[in-house]
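Each remark here refers to the structure printed beneath this line.
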Amino acid sequence: MLVITAINEVELGEILKKIEIAQTFSSWVHLDITDGKFVSNITWNNPEELKKRQASSVKRQVNFEVHLMVESPEDVIKSWILTGVKRIVIQIEAIDSDKARSVLEAAGNVEIGLAVNPETPIENLFPYLENFKFVLVLGVNPGLAGRQFNEKVLEKIKFLKNYYPNVIIEADGGINLETARLVKEAGADIIVSASHIWGSSNPQKTYNELAAV
């Protein structure tokens, strides 16, 4: 599986520090973006600031994936696309068919994926899978990092892999060595980890252990 290092912070300075570390061992960095509306907590969420800082201080050695846990992704997605990110993930719970169409029209060459919360029926994804070939299955409710993985989502991953084999499945939330093995067995193609990597005394070693699962 591909392992992506996630960053969940309220200050851009902390994000930049972690990007500098992550890019020494990870080819992708996942930025968790919340607005205090879709979920209760607020992380750093200024795409214009990221675009400016990237030009001067962030080496473009990594691919950026942005997870928009926001109330109205269709209103902000263009700003994130302009930062040069490779992939943007939006929540299925925050869109309808019209919003999905608007997001896809704005996407250009940026890959757009759909994230699904642990308690959201997997069937809610079905009308969108013709156009969205990438699904992020959350093992925790969106928001703060460091929570326990909900093993019920393993059935969602198995179902998607069985009935939609061409859809790329990413698992995020509560990912450690044990849960990485579980989601891999269920059919996940990609895992995202924040707390397990950054809470380690040796983030690179921990990343490599996840990549070896």
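Just so we're on the same page: first chain in the structure tokens is A, next is B, and so on; residues restart at 1 for each chain, and ligands are numbered from 1 in the order they show up.
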
For Val103 of chain A, find every residue with an atom within 8 Å (counting only C-alpha atoms), except residues of its own chain fewer than 6 positions away, and show them as a list in words.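 That gives Pro73, Glu74 and Ile77 of chain A.
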
Quick one: pick out all helix (DSSP H, G or I) residues within segment 67-185 of chain A from a backbone DSSP run and write them as number ranges by chain. A: 73-81, 92-94, 97-107, 122-128, 153-163, 177-185

Non-local contacts of Thr5 of chain A (12 Å; only C-alpha atoms; under 4 positions in same chain excluded) as a PyMOL selection string: chain A and resi 15+18-32+62-66+172-173+175-176+190-198+203-204+206-208+210-211

Excluding segment 153-160 of chain A and its own-chain neighbours fewer than 3 positions away, which residues fall within 6 Å of it when counting only C-alpha atoms? Please give them as JSON, numbers by chain. {"A": [163, 164, 186, 187]}

Deliver the residues from the most recent selection as a file, using C-alpha atoms, as a PDB file, in the first residue's frame.
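Ended up saving to out39.pdb:
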```
ATOM      1  CA  TYR A 163     -18.332  -4.359  -6.244  1.00  0.00           C
ATOM      2  CA  TYR A 164     -16.231  -1.449  -7.509  1.00  0.00           C
ATOM      3  CA  ALA A 186     -10.030  -5.543   3.525  1.00  0.00           C
ATOM      4  CA  GLY A 187      -8.799  -4.110   0.214  1.00  0.00           C
TER       5      GLY A 187
END
```

Residues within 10 Å of Lys78 of chain A, only C-alpha atoms, excluding chain neighbours under 6 positions, as a PyMOL selection string: chain A and resi 47+103+106-108

Go ahead and save the picked residues with N, CA and C atoms, as a PDB file, in the first residue's frame.
```pdb
ATOM      1  N   PRO A  47      -5.637  28.661   1.812  1.00  0.00           N
ATOM      2  CA  PRO A  47      -4.929  28.215   0.604  1.00  0.00           C
ATOM      3  C   PRO A  47      -4.022  29.277   0.007  1.00  0.00           C
ATOM      4  N   VAL A 103     -17.996  20.882  -8.391  1.00  0.00           N
ATOM      5  CA  VAL A 103     -16.646  20.510  -7.970  1.00  0.00           C
ATOM      6  C   VAL A 103     -15.884  19.869  -9.123  1.00  0.00           C
ATOM      7  N   ALA A 106     -14.738  22.299 -11.759  1.00  0.00           N
ATOM      8  CA  ALA A 106     -13.619  23.161 -11.338  1.00  0.00           C
ATOM      9  C   ALA A 106     -12.303  22.404 -11.271  1.00  0.00           C
ATOM     10  N   ALA A 107     -12.355  21.078 -11.281  1.00  0.00           N
ATOM     11  CA  ALA A 107     -11.192  20.266 -10.935  1.00  0.00           C
ATOM     12  C   ALA A 107     -10.031  20.385 -11.907  1.00  0.00           C
ATOM     13  N   GLY A 108     -10.297  20.470 -13.199  1.00  0.00           N
ATOM     14  CA  GLY A 108      -9.205  20.474 -14.164  1.00  0.00           C
ATOM     15  C   GLY A 108      -8.432  19.171 -14.090  1.00  0.00           C
TER      16      GLY A 108
END
```

Give me the residues near segment 37-39 of chain A as a PyMOL selection string, where near means some atom within 6 Å (using only C-alpha atoms) and where sequence neighbours in that chain fewer than 2 positions away do not count. chain A and resi 35+41+70-71+143

Near segment 95-102 of chain A, within 12 Å and counting only C-alpha atoms, which residues show up once chain neighbours fewer than 3 positions away are dropped, as number ranges by chain? A: 38, 68-78, 89-92, 105-108, 112-116, 124-132

What would the file look like if the residues just selected were written as a tab-separated table (two decimals), in the first residue's frame with N, CA, C and O atoms?
```tsv
chain	number	residue	atom	x	y	z
A	38	PHE	N	-18.48	22.19	9.42
A	38	PHE	CA	-18.75	20.79	9.12
A	38	PHE	C	-18.37	19.92	10.30
A	38	PHE	O	-19.04	18.93	10.61
A	68	LEU	N	-10.79	18.25	2.49
A	68	LEU	CA	-11.65	19.37	2.87
A	68	LEU	C	-12.82	18.87	3.70
A	68	LEU	O	-13.84	18.41	3.16
A	69	MET	N	-12.69	18.97	5.00
A	69	MET	CA	-13.80	18.66	5.91
A	69	MET	C	-14.51	19.97	6.22
A	69	MET	O	-14.43	20.51	7.33
A	70	VAL	N	-15.18	20.49	5.18
A	70	VAL	CA	-15.79	21.82	5.26
A	70	VAL	C	-17.23	21.76	4.80
A	70	VAL	O	-17.65	20.84	4.10
A	71	GLU	N	-17.98	22.77	5.19
A	71	GLU	CA	-19.42	22.79	4.93
A	71	GLU	C	-19.76	22.96	3.46
A	71	GLU	O	-20.70	22.35	2.95
A	72	SER	N	-18.99	23.80	2.76
A	72	SER	CA	-19.30	24.10	1.36
A	72	SER	C	-18.04	23.96	0.50
A	72	SER	O	-17.44	24.97	0.09
A	73	PRO	N	-17.63	22.74	0.18
A	73	PRO	CA	-16.39	22.54	-0.59
A	73	PRO	C	-16.43	23.20	-1.96
A	73	PRO	O	-15.38	23.62	-2.48
A	74	GLU	N	-17.60	23.30	-2.54
A	74	GLU	CA	-17.70	23.90	-3.88
A	74	GLU	C	-17.32	25.37	-3.87
A	74	GLU	O	-16.94	25.93	-4.91
A	75	ASP	N	-17.39	26.03	-2.70
A	75	ASP	CA	-17.05	27.45	-2.61
A	75	ASP	C	-15.55	27.70	-2.47
A	75	ASP	O	-15.08	28.81	-2.74
A	76	VAL	N	-14.80	26.71	-2.03
A	76	VAL	CA	-13.38	26.93	-1.75
A	76	VAL	C	-12.45	26.09	-2.61
A	76	VAL	O	-11.23	26.29	-2.59
A	77	ILE	N	-12.99	25.17	-3.37
A	77	ILE	CA	-12.13	24.21	-4.07
A	77	ILE	C	-11.21	24.88	-5.09
A	77	ILE	O	-10.06	24.48	-5.25
A	78	LYS	N	-11.68	25.92	-5.76
A	78	LYS	CA	-10.83	26.59	-6.75
A	78	LYS	C	-9.58	27.18	-6.11
A	78	LYS	O	-8.49	27.13	-6.68
A	89	VAL	N	-9.87	15.87	-1.56
A	89	VAL	CA	-10.92	14.97	-1.09
A	89	VAL	C	-12.00	15.79	-0.42
A	89	VAL	O	-11.71	16.64	0.44
A	90	ILE	N	-13.25	15.55	-0.81
A	90	ILE	CA	-14.39	16.25	-0.20
A	90	ILE	C	-15.30	15.23	0.45
A	90	ILE	O	-15.31	14.06	0.09
A	91	GLN	N	-16.08	15.68	1.41
A	91	GLN	CA	-16.97	14.79	2.14
A	91	GLN	C	-18.28	14.57	1.39
A	91	GLN	O	-18.93	15.52	0.96
A	92	ILE	N	-18.69	13.30	1.27
A	92	ILE	CA	-19.96	12.98	0.63
A	92	ILE	C	-21.11	13.63	1.39
A	92	ILE	O	-22.12	14.02	0.79
A	105	GLU	N	-16.40	20.19	-12.34
A	105	GLU	CA	-16.15	21.17	-13.39
A	105	GLU	C	-14.94	22.05	-13.05
A	105	GLU	O	-14.21	22.49	-13.94
A	106	ALA	N	-14.74	22.30	-11.76
A	106	ALA	CA	-13.62	23.16	-11.34
A	106	ALA	C	-12.30	22.40	-11.27
A	106	ALA	O	-11.23	23.02	-11.24
A	107	ALA	N	-12.35	21.08	-11.28
A	107	ALA	CA	-11.19	20.27	-10.94
A	107	ALA	C	-10.03	20.38	-11.91
A	107	ALA	O	-8.87	20.38	-11.50
A	108	GLY	N	-10.30	20.47	-13.20
A	108	GLY	CA	-9.21	20.47	-14.16
A	108	GLY	C	-8.43	19.17	-14.09
A	108	GLY	O	-9.00	18.09	-14.15
A	112	ILE	N	-10.15	14.41	-7.84
A	112	ILE	CA	-11.10	14.68	-6.77
A	112	ILE	C	-11.63	13.36	-6.23
A	112	ILE	O	-12.08	12.49	-6.99
A	113	GLY	N	-11.56	13.19	-4.91
A	113	GLY	CA	-12.07	12.00	-4.27
A	113	GLY	C	-13.19	12.32	-3.31
A	113	GLY	O	-13.40	13.48	-2.93
A	114	LEU	N	-13.92	11.29	-2.92
A	114	LEU	CA	-15.01	11.42	-1.96
A	114	LEU	C	-14.65	10.72	-0.66
A	114	LEU	O	-14.21	9.56	-0.68
A	115	ALA	N	-14.83	11.39	0.46
A	115	ALA	CA	-14.64	10.78	1.77
A	115	ALA	C	-15.99	10.43	2.37
A	115	ALA	O	-16.98	11.14	2.17
A	116	VAL	N	-16.01	9.34	3.12
A	116	VAL	CA	-17.26	8.90	3.75
A	116	VAL	C	-17.01	8.65	5.23
A	116	VAL	O	-16.06	7.98	5.62
A	124	ASN	N	-24.67	5.66	-0.06
A	124	ASN	CA	-24.72	7.08	-0.43
A	124	ASN	C	-23.69	7.44	-1.49
A	124	ASN	O	-23.83	8.44	-2.21
A	125	LEU	N	-22.65	6.61	-1.61
A	125	LEU	CA	-21.61	6.87	-2.60
A	125	LEU	C	-22.02	6.45	-4.01
A	125	LEU	O	-21.50	6.97	-5.00
A	126	PHE	N	-22.91	5.48	-4.11
A	126	PHE	CA	-23.17	4.82	-5.39
A	126	PHE	C	-23.49	5.77	-6.54
A	126	PHE	O	-22.98	5.59	-7.65
A	127	PRO	N	-24.34	6.80	-6.34
A	127	PRO	CA	-24.67	7.67	-7.48
A	127	PRO	C	-23.47	8.45	-8.02
A	127	PRO	O	-23.54	9.00	-9.12
A	128	TYR	N	-22.38	8.50	-7.26
A	128	TYR	CA	-21.25	9.34	-7.62
A	128	TYR	C	-20.04	8.57	-8.17
A	128	TYR	O	-19.10	9.17	-8.70
A	129	LEU	N	-20.06	7.25	-8.04
A	129	LEU	CA	-18.85	6.48	-8.35
A	129	LEU	C	-18.53	6.39	-9.83
A	129	LEU	O	-17.42	5.99	-10.20
A	130	GLU	N	-19.45	6.77	-10.68
A	130	GLU	CA	-19.14	6.82	-12.11
A	130	GLU	C	-18.15	7.93	-12.41
A	130	GLU	O	-17.31	7.82	-13.31
A	131	ASN	N	-18.23	9.01	-11.63
A	131	ASN	CA	-17.39	10.18	-11.88
A	131	ASN	C	-16.25	10.34	-10.87
A	131	ASN	O	-15.25	10.99	-11.16
A	132	PHE	N	-16.41	9.76	-9.69
A	132	PHE	CA	-15.37	9.85	-8.67
A	132	PHE	C	-14.76	8.46	-8.52
A	132	PHE	O	-15.40	7.52	-8.04
```
